[in-house]
Amino acid sequence: QQQVKQSPQSLIVQKGGIPIINCAYENTAFDYFPWYQQFPGKGPALLIAIRPDVSEKKEGRFTISFNKSAKQFSLHIMDSQPGDSATYFCAARTTDSWGKLQFGAGTQVVVTP
Amino acid sequence: DAGVIQSPRHEVTEMGQEVTLRCKPISGHNSLFWYRQTMMRGLELLIYFNNNVPIDDSGMPEDRFSAKMPNASFSTLKIQPSEPRDSAVYFCASSPWGVTNEKLFFGSGTQLSVL
C-alpha cells in the first residue's frame with residue numbers, strides 16, 4: 001500500500017521549462033516531507049525538505065509547495081537544465097519513534113536541450 | 001568524506017546461491033538502513049539499525065533475508081538461498097541524526113541479478 005502517491009510517472013520538458021511533480025498523502029501523522037534526487041547508477045540524495053507549518057520553501061531553483069489542508073505537496077524546478085534530468089522521489093516521515101520514511105514511486109524527469 | 005561505501009557494485013549469481021552484500025556507513029553516523037529498489041515496487045525499506053541494534057525489520061521479505069551490524073562501521077545483508085525475484089538494486093544508507101533520521105546518505109547501491 002503506497003502511503004505517498006506521486007505523479008506523474010515521467011515527464012519531458014525543454015530547457016528553461018518548469019517541471020512540476022505532485023505528491024499526495026493520507027496519514028496526518030506525517031511531519032516531514034523531503035524530496036530526493038537520483039541520477040542513474042547512484043543512490044538517492046536529499047534535495048530539499050519541508051515541514052507542514054510552512055507553505056513554501058525555496059532552495060536555488062528548487063521549490064516545494066505544501067498544502068496541508070489538501071494533504072498535497074509538489075516540487076517545482078525553475079529554469080530547468082539538462083543536468084536536472086534525474087528521477088525524483090517525494091517522501092514523508094511518520095511521527096513514530098524513529099521517523100520511518102515512506103517514499104513515493106518516483107518521477108523520471110528529462111530536460112531536453 | 002568517502003560517503004557510504006557498498007560492495008560489490010554488481011553481483012550476478014545463480015538461483016539457490018548465497019549472496020552477501022556489504023556496507024560501510026559514514027563514520028559517526030549511528031543509523032543504518034537497507035533499502036531495495038525495483039521498477040515494480042520502488043524503494044522499499046528492508047531493515048533499520050540504530051547504534052548497531054536492529055530496530056525495525058518489518059520490511060524483510062522473508063526468512064531468506066538476514067542483516068547484521070556487528071560494529072558501527074560495517075553491515076551485511078545476506079540472502080540465502082537467492083531467487084530470481086530478489087533481483088534488484090540494494091541500497092545502504094546512513095544518518096547521523098539518531099531517531100529523527102531527517103537526512104539519509106545513500107551509497108551507490110549493489111545491482112543484484114539472480115539467474
# chains A, B, ... in the order shown; residues from 1 in each chain; ligands from 1
>>> residues_around(residues="Gly104 of chain A", least_positions_apart="5", cutoff="6 Å", atoms="only C-alpha atoms", output="ChimeraX atom specification")
/A:4-6,89-91
>>> write_last_selection(atoms="C-alpha atoms", output="PDB file, in the first residue's frame")
ATOM      1  CA  VAL A   4       2.591   8.579  -0.589  1.00  0.00           C
ATOM      2  CA  LYS A   5       1.202   8.802  -4.123  1.00  0.00           C
ATOM      3  CA  GLN A   6       3.406  10.536  -6.680  1.00  0.00           C
ATOM      4  CA  PHE A  89      11.217  10.888  -5.167  1.00  0.00           C
ATOM      5  CA  CYS A  90       8.954  12.553  -2.671  1.00  0.00           C
ATOM      6  CA  ALA A  91       8.791  11.096   0.808  1.00  0.00           C
TER       7      ALA A  91
END
>>> residues_around(residues="segment 67-73 of chain B", least_positions_apart="5", cutoff="8 Å", atoms="only C-alpha atoms", output="list in words")
Lys24, Pro25, Ile26, Ser27, Asn30, Ile47, Phe49, Asn51, Asn52, Val53 and Lys78 of chain B
>>> write_last_selection(atoms="all heavy atoms", output="PDB file, in the first residue's frame")
ATOM      1  N   LYS B  24      29.575  -0.018   4.369  1.00  0.00           N
ATOM      2  CA  LYS B  24      30.338   0.746   5.363  1.00  0.00           C
ATOM      3  C   LYS B  24      29.679   2.116   5.465  1.00  0.00           C
ATOM      4  O   LYS B  24      29.739   2.909   4.516  1.00  0.00           O
ATOM      5  CB  LYS B  24      31.787   0.887   4.943  1.00  0.00           C
ATOM      6  CG  LYS B  24      32.636   1.737   5.886  1.00  0.00           C
ATOM      7  CD  LYS B  24      34.076   1.808   5.411  1.00  0.00           C
ATOM      8  CE  LYS B  24      34.894   2.825   6.184  1.00  0.00           C
ATOM      9  NZ  LYS B  24      34.865   2.584   7.640  1.00  0.00           N
ATOM     10  N   PRO B  25      29.031   2.419   6.585  1.00  0.00           N
ATOM     11  CA  PRO B  25      28.363   3.731   6.710  1.00  0.00           C
ATOM     12  C   PRO B  25      29.377   4.846   6.901  1.00  0.00           C
ATOM     13  O   PRO B  25      30.561   4.602   7.137  1.00  0.00           O
ATOM     14  CB  PRO B  25      27.489   3.547   7.951  1.00  0.00           C
ATOM     15  CG  PRO B  25      28.222   2.529   8.776  1.00  0.00           C
ATOM     16  CD  PRO B  25      28.864   1.599   7.790  1.00  0.00           C
ATOM     17  N   ILE B  26      28.897   6.065   6.837  1.00  0.00           N
ATOM     18  CA  ILE B  26      29.746   7.216   7.095  1.00  0.00           C
ATOM     19  C   ILE B  26      30.135   7.221   8.570  1.00  0.00           C
ATOM     20  O   ILE B  26      29.275   6.996   9.442  1.00  0.00           O
ATOM     21  CB  ILE B  26      29.030   8.516   6.708  1.00  0.00           C
ATOM     22  CG1 ILE B  26      28.801   8.552   5.191  1.00  0.00           C
ATOM     23  CG2 ILE B  26      29.826   9.744   7.150  1.00  0.00           C
ATOM     24  CD1 ILE B  26      27.938   9.704   4.711  1.00  0.00           C
ATOM     25  N   SER B  27      31.403   7.462   8.835  1.00  0.00           N
ATOM     26  CA  SER B  27      31.884   7.461  10.211  1.00  0.00           C
ATOM     27  C   SER B  27      31.110   8.460  11.069  1.00  0.00           C
ATOM     28  O   SER B  27      30.906   9.615  10.666  1.00  0.00           O
ATOM     29  CB  SER B  27      33.382   7.812  10.217  1.00  0.00           C
ATOM     30  OG  SER B  27      33.865   7.880  11.537  1.00  0.00           O
ATOM     31  N   ASN B  30      24.962   7.018  13.318  1.00  0.00           N
ATOM     32  CA  ASN B  30      24.528   5.938  14.200  1.00  0.00           C
ATOM     33  C   ASN B  30      23.273   5.223  13.719  1.00  0.00           C
ATOM     34  O   ASN B  30      22.771   4.334  14.392  1.00  0.00           O
ATOM     35  CB  ASN B  30      24.321   6.461  15.626  1.00  0.00           C
ATOM     36  CG  ASN B  30      23.317   7.589  15.686  1.00  0.00           C
ATOM     37  OD1 ASN B  30      22.747   7.979  14.683  1.00  0.00           O
ATOM     38  ND2 ASN B  30      23.088   8.115  16.878  1.00  0.00           N
ATOM     39  N   ILE B  47      15.321  -2.990   6.454  1.00  0.00           N
ATOM     40  CA  ILE B  47      15.664  -3.051   7.867  1.00  0.00           C
ATOM     41  C   ILE B  47      16.356  -1.760   8.290  1.00  0.00           C
ATOM     42  O   ILE B  47      17.003  -1.091   7.472  1.00  0.00           O
ATOM     43  CB  ILE B  47      16.554  -4.281   8.183  1.00  0.00           C
ATOM     44  CG1 ILE B  47      16.749  -4.461   9.700  1.00  0.00           C
ATOM     45  CG2 ILE B  47      17.887  -4.179   7.453  1.00  0.00           C
ATOM     46  CD1 ILE B  47      17.354  -5.816  10.060  1.00  0.00           C
ATOM     47  N   PHE B  49      18.789  -0.111  11.503  1.00  0.00           N
ATOM     48  CA  PHE B  49      19.604  -0.278  12.705  1.00  0.00           C
ATOM     49  C   PHE B  49      19.847   1.090  13.351  1.00  0.00           C
ATOM     50  O   PHE B  49      20.080   2.077  12.653  1.00  0.00           O
ATOM     51  CB  PHE B  49      20.979  -0.856  12.358  1.00  0.00           C
ATOM     52  CG  PHE B  49      20.987  -2.280  11.890  1.00  0.00           C
ATOM     53  CD1 PHE B  49      20.822  -2.585  10.541  1.00  0.00           C
ATOM     54  CD2 PHE B  49      21.176  -3.321  12.780  1.00  0.00           C
ATOM     55  CE1 PHE B  49      20.848  -3.889  10.095  1.00  0.00           C
ATOM     56  CE2 PHE B  49      21.205  -4.634  12.350  1.00  0.00           C
ATOM     57  CZ  PHE B  49      21.041  -4.921  11.002  1.00  0.00           C
ATOM     58  N   ASN B  51      22.456   2.498  16.406  1.00  0.00           N
ATOM     59  CA  ASN B  51      23.544   2.085  17.299  1.00  0.00           C
ATOM     60  C   ASN B  51      23.794   0.573  17.243  1.00  0.00           C
ATOM     61  O   ASN B  51      23.923  -0.097  18.273  1.00  0.00           O
ATOM     62  CB  ASN B  51      23.258   2.529  18.740  1.00  0.00           C
ATOM     63  CG  ASN B  51      23.317   4.040  18.883  1.00  0.00           C
ATOM     64  OD1 ASN B  51      24.134   4.713  18.242  1.00  0.00           O
ATOM     65  ND2 ASN B  51      22.443   4.587  19.712  1.00  0.00           N
ATOM     66  N   ASN B  52      23.799   0.054  16.022  1.00  0.00           N
ATOM     67  CA  ASN B  52      24.127  -1.352  15.708  1.00  0.00           C
ATOM     68  C   ASN B  52      23.013  -2.326  16.089  1.00  0.00           C
ATOM     69  O   ASN B  52      23.169  -3.537  15.909  1.00  0.00           O
ATOM     70  CB  ASN B  52      25.430  -1.799  16.382  1.00  0.00           C
ATOM     71  CG  ASN B  52      26.566  -0.824  16.203  1.00  0.00           C
ATOM     72  OD1 ASN B  52      26.569  -0.034  15.268  1.00  0.00           O
ATOM     73  ND2 ASN B  52      27.522  -0.854  17.106  1.00  0.00           N
ATOM     74  N   VAL B  53      21.916  -1.862  16.609  1.00  0.00           N
ATOM     75  CA  VAL B  53      20.810  -2.726  17.039  1.00  0.00           C
ATOM     76  C   VAL B  53      19.679  -2.651  16.017  1.00  0.00           C
ATOM     77  O   VAL B  53      19.257  -1.549  15.658  1.00  0.00           O
ATOM     78  CB  VAL B  53      20.290  -2.292  18.424  1.00  0.00           C
ATOM     79  CG1 VAL B  53      19.093  -3.140  18.824  1.00  0.00           C
ATOM     80  CG2 VAL B  53      21.397  -2.393  19.466  1.00  0.00           C
ATOM     81  N   LYS B  78      22.304 -10.504   3.848  1.00  0.00           N
ATOM     82  CA  LYS B  78      22.531 -11.813   3.268  1.00  0.00           C
ATOM     83  C   LYS B  78      21.226 -12.398   2.756  1.00  0.00           C
ATOM     84  O   LYS B  78      20.171 -12.266   3.403  1.00  0.00           O
ATOM     85  CB  LYS B  78      23.155 -12.752   4.307  1.00  0.00           C
ATOM     86  CG  LYS B  78      23.532 -14.129   3.781  1.00  0.00           C
ATOM     87  CD  LYS B  78      24.170 -14.972   4.866  1.00  0.00           C
ATOM     88  CE  LYS B  78      25.507 -14.427   5.293  1.00  0.00           C
ATOM     89  NZ  LYS B  78      26.200 -15.309   6.258  1.00  0.00           N
TER      90      LYS B  78
END
>>> closest_atom_pairs(of="chain B", to="chain A", cutoff="9 Å", atoms="only C-alpha atoms", output="JSON lines")
{"residue": "B:Met39", "atom": "CA", "partner": "A:Ala105", "partner_atom": "CA", "distance": 8.8}
{"residue": "B:Met40", "atom": "CA", "partner": "A:Ala105", "partner_atom": "CA", "distance": 8.9}
{"residue": "B:Arg41", "atom": "CA", "partner": "A:Ala105", "partner_atom": "CA", "distance": 7.5}
{"residue": "B:Gly42", "atom": "CA", "partner": "A:Ala105", "partner_atom": "CA", "distance": 5.3}
{"residue": "B:Leu43", "atom": "CA", "partner": "A:Phe103", "partner_atom": "CA", "distance": 6.5}
{"residue": "B:Glu44", "atom": "CA", "partner": "A:Phe103", "partner_atom": "CA", "distance": 7.9}
{"residue": "B:Leu45", "atom": "CA", "partner": "A:Leu101", "partner_atom": "CA", "distance": 8.4}
{"residue": "B:Tyr48", "atom": "CA", "partner": "A:Lys100", "partner_atom": "CA", "distance": 8.9}
{"residue": "B:Ile55", "atom": "CA", "partner": "A:Trp98", "partner_atom": "CA", "distance": 8.7}
{"residue": "B:Phe91", "atom": "CA", "partner": "A:Gly43", "partner_atom": "CA", "distance": 7.0}
{"residue": "B:Cys92", "atom": "CA", "partner": "A:Gly43", "partner_atom": "CA", "distance": 8.7}
{"residue": "B:Ala93", "atom": "CA", "partner": "A:Gly43", "partner_atom": "CA", "distance": 8.7}
{"residue": "B:Gly98", "atom": "CA", "partner": "A:Trp98", "partner_atom": "CA", "distance": 8.0}
{"residue": "B:Val99", "atom": "CA", "partner": "A:Trp98", "partner_atom": "CA", "distance": 4.5}
{"residue": "B:Thr100", "atom": "CA", "partner": "A:Gly99", "partner_atom": "CA", "distance": 5.6}
{"residue": "B:Asn101", "atom": "CA", "partner": "A:Gly99", "partner_atom": "CA", "distance": 6.4}
{"residue": "B:Glu102", "atom": "CA", "partner": "A:Gly99", "partner_atom": "CA", "distance": 7.9}
{"residue": "B:Lys103", "atom": "CA", "partner": "A:Leu46", "partner_atom": "CA", "distance": 6.7}
{"residue": "B:Leu104", "atom": "CA", "partner": "A:Leu46", "partner_atom": "CA", "distance": 7.1}
{"residue": "B:Phe105", "atom": "CA", "partner": "A:Ala45", "partner_atom": "CA", "distance": 6.6}
{"residue": "B:Phe106", "atom": "CA", "partner": "A:Gly43", "partner_atom": "CA", "distance": 5.2}
{"residue": "B:Gly107", "atom": "CA", "partner": "A:Gly43", "partner_atom": "CA", "distance": 5.5}
{"residue": "B:Ser108", "atom": "CA", "partner": "A:Lys42", "partner_atom": "CA", "distance": 4.5}
{"residue": "B:Gly109", "atom": "CA", "partner": "A:Gly43", "partner_atom": "CA", "distance": 6.2}
>>> closest_residue(among="A:Ser80, A:Thr107, A:Asn67, A:Ser74", to="Asn22 of chain A", atoms="only C-alpha atoms")
A:Ser74
>>> closest_residue(among="B:Gln80, B:Thr38, B:Gln111, B:Ser75", to="Arg22 of chain B", atoms="only C-alpha atoms")
B:Ser75
